[in-house]
file target25.txt (compact mmCIF, C-alpha atoms)
# COMPACT_ATOMS: atom_id res chain seq x y z
CA MET A 1 112.41 63.50 66.73
CA ALA A 2 110.96 60.59 64.78
CA SER A 3 110.19 57.49 66.81
CA ASN A 4 112.39 55.28 64.58
CA SER A 5 115.45 57.28 65.69
CA LYS A 6 114.87 56.58 69.36
CA THR A 7 117.40 54.48 71.23
CA LYS A 8 116.05 51.13 72.39
CA TRP A 9 116.25 50.34 76.09
CA ARG A 10 115.29 47.11 77.82
CA TYR A 11 112.17 46.89 79.96
CA ILE A 12 111.84 44.08 82.51
CA PRO A 13 108.26 42.85 82.99
CA PHE A 14 106.68 44.10 86.22
CA GLY A 15 107.04 41.62 89.08
CA THR A 16 106.61 41.16 92.82
CA TYR A 17 109.43 39.44 94.71
CA SER A 18 111.01 39.02 98.13
CA GLY A 19 113.53 41.59 99.38
CA PRO A 20 116.59 39.40 98.71
CA LYS A 21 115.39 38.55 95.20
CA ASN A 22 114.60 42.16 94.30
CA MET A 23 118.10 43.27 95.28
CA ALA A 24 119.69 40.28 93.53
CA ILE A 25 117.77 41.17 90.36
CA ASP A 26 118.98 44.78 90.45
CA GLU A 27 122.62 43.73 90.90
CA THR A 28 122.34 41.07 88.18
CA LEU A 29 120.97 43.64 85.73
CA LEU A 30 123.79 46.00 86.67
CA ASN A 31 126.32 43.25 85.87
CA SER A 32 124.52 42.41 82.61
CA VAL A 33 124.88 46.00 81.38
CA ILE A 34 128.52 46.18 82.57
CA ASN A 35 129.36 42.98 80.71
CA GLY A 36 127.61 44.06 77.52
CA ASN A 37 124.98 41.33 77.79
CA SER A 38 122.07 43.76 78.12
CA PRO A 39 121.17 47.22 76.85
CA ASN A 40 120.39 49.97 79.33
CA THR A 41 117.46 48.79 81.41
CA ILE A 42 114.42 50.00 83.35
CA ARG A 43 112.21 47.96 85.63
CA PHE A 44 109.35 48.51 88.10
CA TYR A 45 108.57 46.09 90.89
CA GLN A 46 106.95 45.46 94.28
CA TRP A 47 107.93 43.61 97.45
CA ASN A 48 106.32 40.61 99.14
CA PRO A 49 106.60 40.21 102.05
CA THR A 50 107.09 43.73 103.40
CA THR A 51 110.85 44.32 103.64
CA ALA A 52 113.13 46.62 105.60
CA SER A 53 116.17 47.60 103.55
CA ILE A 54 119.29 49.44 104.68
CA GLY A 55 122.01 51.19 102.72
CA LYS A 56 125.33 49.51 101.95
CA HIS A 57 127.28 51.19 104.77
CA GLN A 58 124.60 51.46 107.46
CA SER A 59 124.73 49.81 110.87
CA PHE A 60 122.14 47.01 111.01
CA SER A 61 121.41 47.25 114.73
CA ALA A 62 121.20 51.04 114.65
CA GLU A 63 118.60 51.03 111.86
CA ILE A 64 116.39 47.94 112.32
CA ASP A 65 114.63 46.35 115.29
CA GLU A 66 115.24 42.70 114.44
CA LYS A 67 112.82 41.39 117.07
CA ALA A 68 110.03 43.54 115.60
CA THR A 69 110.72 42.27 112.07
CA LYS A 70 110.28 38.69 113.26
CA SER A 71 107.02 39.39 115.10
CA HIS A 72 105.62 41.24 112.06
CA LYS A 73 107.03 38.64 109.58
CA ILE A 74 109.04 41.23 107.71
CA ASP A 75 112.08 40.53 105.51
CA MET A 76 115.39 42.36 105.97
CA VAL A 77 117.98 43.12 103.31
CA ARG A 78 121.09 45.24 102.80
CA ARG A 79 121.34 47.06 99.46
CA ILE A 80 124.51 47.60 97.43
CA SER A 81 123.45 51.25 96.99
CA GLY A 82 123.70 53.99 99.59
CA GLY A 83 120.89 55.91 101.22
CA GLY A 84 118.98 55.34 104.43
CA ALA A 85 116.78 52.66 105.94
CA VAL A 86 113.43 52.11 104.20
CA LEU A 87 110.38 50.00 104.97
CA HIS A 88 109.05 48.67 101.66
CA GLU A 89 105.41 47.85 102.34
CA ALA A 90 103.93 45.02 100.31
CA LEU A 91 101.47 46.74 97.94
CA GLY A 92 102.40 50.06 99.56
CA GLU A 93 104.86 51.21 96.93
CA ILE A 94 106.18 50.70 93.43
CA THR A 95 109.96 50.61 93.20
CA TYR A 96 111.86 51.49 90.06
CA ALA A 97 115.40 50.68 88.94
CA VAL A 98 117.37 52.32 86.12
CA ILE A 99 120.59 50.67 84.97
CA CYS A 100 122.48 52.77 82.45
CA ARG A 101 125.97 53.37 81.11
CA LEU A 102 126.99 56.82 82.31
CA GLU A 103 127.81 57.87 78.75
CA ASP A 104 124.23 57.00 77.72
CA LEU A 105 122.50 58.92 80.49
CA PRO A 106 120.53 61.62 78.65
CA LYS A 107 121.72 65.21 78.89
CA ILE A 108 118.79 67.60 79.23
CA GLU A 109 119.55 71.27 78.84
CA LYS A 110 116.33 72.47 80.42
CA THR A 111 114.04 70.71 82.89
CA LEU A 112 110.41 71.41 83.69
CA HIS A 113 111.18 71.32 87.42
CA ASN A 114 113.38 73.29 89.79
CA PHE A 115 116.09 71.25 91.52
CA ASP A 116 117.93 71.59 94.79
CA GLU A 117 121.41 72.71 93.67
CA SER A 118 123.03 69.97 95.78
CA ILE A 119 121.38 67.20 93.71
CA SER A 120 123.87 65.70 91.25
CA THR A 121 123.13 65.83 87.54
CA ARG A 122 123.09 62.01 87.48
CA TYR A 123 119.99 62.04 89.66
CA LYS A 124 118.30 64.95 87.94
CA VAL A 125 117.43 63.40 84.59
CA ILE A 126 115.95 60.26 86.20
CA LEU A 127 113.93 62.27 88.72
CA GLU A 128 112.75 64.53 85.89
CA ALA A 129 111.47 61.48 83.99
CA LEU A 130 109.65 60.17 87.07
CA ALA A 131 108.17 63.59 87.83
CA CYS A 132 106.94 64.13 84.27
CA GLY A 133 105.32 60.69 84.32
CA ILE A 134 103.60 60.97 87.69
CA GLU A 135 102.25 64.41 86.81
CA LYS A 136 100.16 62.72 84.13
CA LEU A 137 98.05 61.43 87.04
CA GLY A 138 97.10 65.03 87.78
CA MET A 139 99.45 65.44 90.73
CA PRO A 140 101.91 68.36 90.92
CA ILE A 141 105.46 67.12 91.54
CA ASN A 142 108.44 69.00 92.96
CA ILE A 143 112.00 67.72 93.25
CA GLY A 144 114.07 68.33 96.36
CA LYS A 145 116.12 66.62 99.04
CA ILE A 146 115.46 65.12 102.48
CA HIS A 147 118.50 62.97 103.31
CA CYS A 148 118.42 61.81 99.65
CA PRO A 149 117.15 63.26 96.35
CA ALA A 150 113.37 62.99 96.53
CA LEU A 151 110.06 63.71 94.83
CA PHE A 152 107.35 65.72 96.60
CA THR A 153 103.69 66.48 95.97
CA GLU A 154 102.10 69.42 97.74
CA GLY A 155 105.03 69.58 100.14
CA LYS A 156 105.03 65.91 101.11
CA LYS A 157 107.65 63.34 100.11
CA ILE A 158 106.49 60.48 97.87
CA SER A 159 109.84 59.10 96.70
CA GLY A 160 113.35 58.49 98.03
CA ASN A 161 116.25 57.38 95.82
CA ALA A 162 119.73 55.85 95.96
CA GLN A 163 122.57 55.10 93.53
CA ILE A 164 125.66 53.02 92.95
CA ILE A 165 128.14 53.38 90.09
CA ARG A 166 130.22 50.37 89.10
CA LYS A 167 132.60 50.38 86.11
CA ASN A 168 130.94 53.49 84.65
CA VAL A 169 127.45 51.96 84.85
CA LEU A 170 124.82 53.56 87.06
CA LEU A 171 122.19 51.74 89.09
CA GLN A 172 119.60 54.11 90.54
CA HIS A 173 116.61 52.70 92.35
CA GLY A 174 113.97 54.28 94.52
CA THR A 175 110.52 54.13 96.00
CA ILE A 176 107.31 55.56 94.61
CA LEU A 177 105.08 55.54 97.67
CA LEU A 178 101.43 54.54 97.26
CA LYS A 179 100.37 54.27 100.91
CA VAL A 180 102.28 55.14 104.08
CA PHE A 181 101.86 53.43 107.45
CA PRO A 182 104.05 55.41 109.88
CA GLU A 183 102.98 53.48 113.00
CA ARG A 184 104.37 50.25 111.61
CA MET A 185 107.32 51.98 109.95
CA TYR A 186 108.75 53.08 113.31
CA LYS A 187 108.07 49.79 115.00
CA ILE A 188 110.50 48.28 112.49
CA LEU A 189 112.93 51.13 111.79
CA ARG A 190 114.69 52.62 114.79
CA ALA A 191 114.11 56.30 115.52
CA PRO A 192 117.25 58.45 115.79
CA VAL A 193 118.85 58.54 119.24
CA GLY A 194 116.98 60.91 121.51
CA ILE A 195 113.86 61.05 119.28
CA SER A 196 110.67 59.35 120.44
CA TYR A 197 108.50 56.90 118.49
CA THR A 198 105.54 59.30 118.82
CA TYR A 199 107.53 62.19 117.38
CA MET A 200 108.71 60.13 114.40
CA VAL A 201 105.18 58.94 113.61
CA LYS A 202 103.88 62.51 113.70
CA SER A 203 106.80 63.68 111.58
CA VAL A 204 106.16 61.05 108.88
CA ARG A 205 102.44 61.88 108.84
CA SER A 206 103.22 65.55 108.25
CA LYS A 207 106.04 65.11 105.72
CA VAL A 208 105.40 61.87 103.79
CA THR A 209 102.46 60.60 101.76
CA GLY A 210 101.52 58.06 99.10
CA ILE A 211 100.04 58.61 95.65
CA MET A 212 96.88 56.67 96.49
CA GLN A 213 96.45 58.61 99.74
CA GLN A 214 97.11 62.01 98.20
CA SER A 215 95.39 61.79 94.83
CA LYS A 216 91.73 62.70 94.45
CA ASP A 217 91.42 60.21 91.59
CA THR A 218 89.95 57.03 93.07
CA GLU A 219 90.54 55.17 89.79
CA ILE A 220 94.34 55.21 90.14
CA ASN A 221 95.81 51.70 90.28
CA TYR A 222 99.20 50.01 89.96
CA GLU A 223 98.89 49.51 86.23
CA ASN A 224 98.26 53.13 85.33
CA ILE A 225 100.97 54.34 87.73
CA VAL A 226 103.53 52.09 86.03
CA SER A 227 102.20 53.16 82.62
CA VAL A 228 102.68 56.88 83.25
CA MET A 229 106.16 56.35 84.70
CA LYS A 230 107.16 54.35 81.62
CA SER A 231 105.86 57.17 79.43
CA GLY A 232 107.85 59.70 81.49
CA PHE A 233 111.07 57.84 80.73
CA LYS A 234 110.19 57.48 77.05
CA ASP A 235 109.49 61.20 76.74
CA VAL A 236 112.39 62.61 78.77
CA PHE A 237 115.02 60.05 77.71
CA ASN A 238 113.72 59.96 74.09
CA ILE A 239 113.82 56.16 74.08
CA SER A 240 111.67 53.19 73.18
CA LEU A 241 111.29 50.23 75.54
CA ASP A 242 111.62 46.61 74.44
CA THR A 243 110.24 44.08 76.92
CA ILE A 244 112.96 41.47 77.49
CA PRO A 245 112.57 38.96 80.36
CA PHE A 246 115.50 37.57 82.35
CA SER A 247 117.82 35.27 80.43
CA LEU A 248 118.69 31.82 81.80
CA GLU A 249 122.14 33.15 82.70
CA GLU A 250 120.57 36.04 84.61
CA GLU A 251 118.20 33.70 86.45
CA THR A 252 121.22 31.65 87.55
CA GLU A 253 123.07 34.75 88.74
CA ILE A 254 120.01 36.01 90.61
CA ASP A 255 119.75 32.71 92.51
CA SER A 256 123.48 32.78 93.24
CA LEU A 257 123.40 36.35 94.57
CA ILE A 258 120.44 35.56 96.83
CA LYS A 259 122.44 32.77 98.50
CA LYS A 260 125.81 34.51 98.44
CA ARG A 261 124.72 37.98 99.51
CA TYR A 262 121.14 39.05 99.99
CA ALA A 263 119.83 36.16 102.09
CA ASN A 264 123.18 35.85 103.88
CA LYS A 265 123.25 37.05 107.51
CA LYS A 266 126.93 37.99 107.19
CA TRP A 267 126.09 40.51 104.46
CA LEU A 268 122.99 41.77 106.26
CA LYS A 269 124.89 42.31 109.51
CA LYS A 270 128.12 43.41 107.85
CA TYR A 271 128.04 46.52 110.00
CA GLU A 272 126.37 45.62 113.28
call {"tool": "encode", "arguments": {"input": "target25.txt", "output": "structure tokens"}}
result
Amino acid sequence: MASNSKTKWRYIPFGTYSGPKNMAIDETLLNSVINGNSPNTIRFYQWNPTTASIGKHQSFSAEIDEKATKSHKIDMVRRISGGGAVLHEALGEITYAVICRLEDLPKIEKTLHNFDESISTRYKVILEALACGIEKLGMPINIGKIHCPALFTEGKKISGNAQIIRKNVLLQHGTILLKVFPERMYKILRAPVGISYTYMVKSVRSKVTGIMQQSKDTEINYENIVSVMKSGFKDVFNISLDTIPFSLEEETEIDSLIKKRYANKKWLKKYE
């Protein structure tokens, strides 16, 4: 298909923000698309400081050791999406967010990857785009499920993902792991009842990895990882990306959501 027939999507410039601001940005962009103030949108971002995030309906005390977060100077935030607890290491991952009207989510008749049959079609096209992009780094990618729809390379998980749908608009965001530090992960995140810290660390080491730890290409950096993921979306979604920064109205809403929700202890500890 000719490039001038491609649908234009919005691309938010890459940025690094605190946990509360990252989640406020994602919700603001979701509202912008719902209200018709923004086209469908993709963004990539990082976290600083390191942040522990939990899913919308998770118990705070069951998932996070608050005392450990304070001693390690780690942020905490509750997402509006589902999924499990995640430790977002500063410089240890790139996170993506896709905000799209359900009617505009591309329909692909045939994928290049096999999918777990339990993964919904709404996840599949986004994971296919990510997989096709990351494979341009020379890494084989498989798509499966461990607690959530996930990407794997050589049998190890490199990405977990979560969604929310509001007024027929989808927000899907997820991690693309670069480096994994299981010892710190399970000092912050609580192990399941009856499972030891040592077991969880060993389990993560055997099942989870990061692109920079797994790849044999020592030249891989943040810029080329973002570049290949952008190209994966362009190819699979058949879109072009226009870089459009936050509007003044969006900046105001982001600040409001940080205060109202994401930096608010009542929201964080909504389910103790």
call {"tool": "closest_atom_pairs", "arguments": {"input": "target25.txt", "of": "region 123-148 of chain A", "to": "region 80-84 of chain A", "cutoff": "12 Å", "atoms": "only C-alpha atoms", "output": "JSON lines"}}
result
{"residue": "A:Lys145", "atom": "CA", "partner": "A:Gly83", "partner_atom": "CA", "distance": 11.9}
{"residue": "A:Ile146", "atom": "CA", "partner": "A:Gly84", "partner_atom": "CA", "distance": 10.6}
{"residue": "A:His147", "atom": "CA", "partner": "A:Gly84", "partner_atom": "CA", "distance": 7.7}
{"residue": "A:Cys148", "atom": "CA", "partner": "A:Gly83", "partner_atom": "CA", "distance": 6.6}
call {"tool": "closest_residue", "arguments": {"input": "target25.txt", "among": "A:Lys266, A:Lys207, A:Lys187, A:Arg166", "to": "Ala68 (chain A)", "atoms": "all atoms listed in the file"}}
result
A:Lys187
call {"tool": "atom_distance", "arguments": {"input": "target25.txt", "atom1": "CA of Leu29 (chain A)", "atom2": "CA of Val77 (chain A)"}}
result
17.8 Å
call {"tool": "residues_around", "arguments": {"input": "target25.txt", "residues": "region 38-48 of chain A", "least_positions_apart": "6", "cutoff": "6 Å", "atoms": "only C-alpha atoms", "output": "ChimeraX atom specification"}}
result
/A:9-12,14-18,32,90,94-100
call {"tool": "write_last_selection", "arguments": {"input": "target25.txt", "atoms": "C-alpha atoms", "output": "PDB file, in the frame of the given file"}}
result
ATOM      1  CA  TRP A   9     116.250  50.340  76.090  1.00  0.00           C
ATOM      2  CA  ARG A  10     115.290  47.110  77.820  1.00  0.00           C
ATOM      3  CA  TYR A  11     112.170  46.890  79.960  1.00  0.00           C
ATOM      4  CA  ILE A  12     111.840  44.080  82.510  1.00  0.00           C
ATOM      5  CA  PHE A  14     106.680  44.100  86.220  1.00  0.00           C
ATOM      6  CA  GLY A  15     107.040  41.620  89.080  1.00  0.00           C
ATOM      7  CA  THR A  16     106.610  41.160  92.820  1.00  0.00           C
ATOM      8  CA  TYR A  17     109.430  39.440  94.710  1.00  0.00           C
ATOM      9  CA  SER A  18     111.010  39.020  98.130  1.00  0.00           C
ATOM     10  CA  SER A  32     124.520  42.410  82.610  1.00  0.00           C
ATOM     11  CA  ALA A  90     103.930  45.020 100.310  1.00  0.00           C
ATOM     12  CA  ILE A  94     106.180  50.700  93.430  1.00  0.00           C
ATOM     13  CA  THR A  95     109.960  50.610  93.200  1.00  0.00           C
ATOM     14  CA  TYR A  96     111.860  51.490  90.060  1.00  0.00           C
ATOM     15  CA  ALA A  97     115.400  50.680  88.940  1.00  0.00           C
ATOM     16  CA  VAL A  98     117.370  52.320  86.120  1.00  0.00           C
ATOM     17  CA  ILE A  99     120.590  50.670  84.970  1.00  0.00           C
ATOM     18  CA  CYS A 100     122.480  52.770  82.450  1.00  0.00           C
TER      19      CYS A 100
END
call {"tool": "atom_distance", "arguments": {"input": "target25.txt", "atom1": "CA of Val180 (chain A)", "atom2": "CA of Met23 (chain A)"}}
result
21.6 Å
call {"tool": "residues_around", "arguments": {"input": "target25.txt", "residues": "Pro20 (chain A)", "least_positions_apart": "4", "cutoff": "10 Å", "atoms": "only C-alpha atoms", "output": "PyMOL selection string"}}
result
chain A and resi 24-25+47+51+53+75-79+254-255+257-259+261-264
call {"tool": "residues_around", "arguments": {"input": "target25.txt", "residues": "region 104-106 of chain A", "least_positions_apart": "4", "cutoff": "9 Å", "atoms": "only C-alpha atoms", "output": "number ranges by chain"}}
result
A: 40, 100, 122, 125-126, 170, 236-238
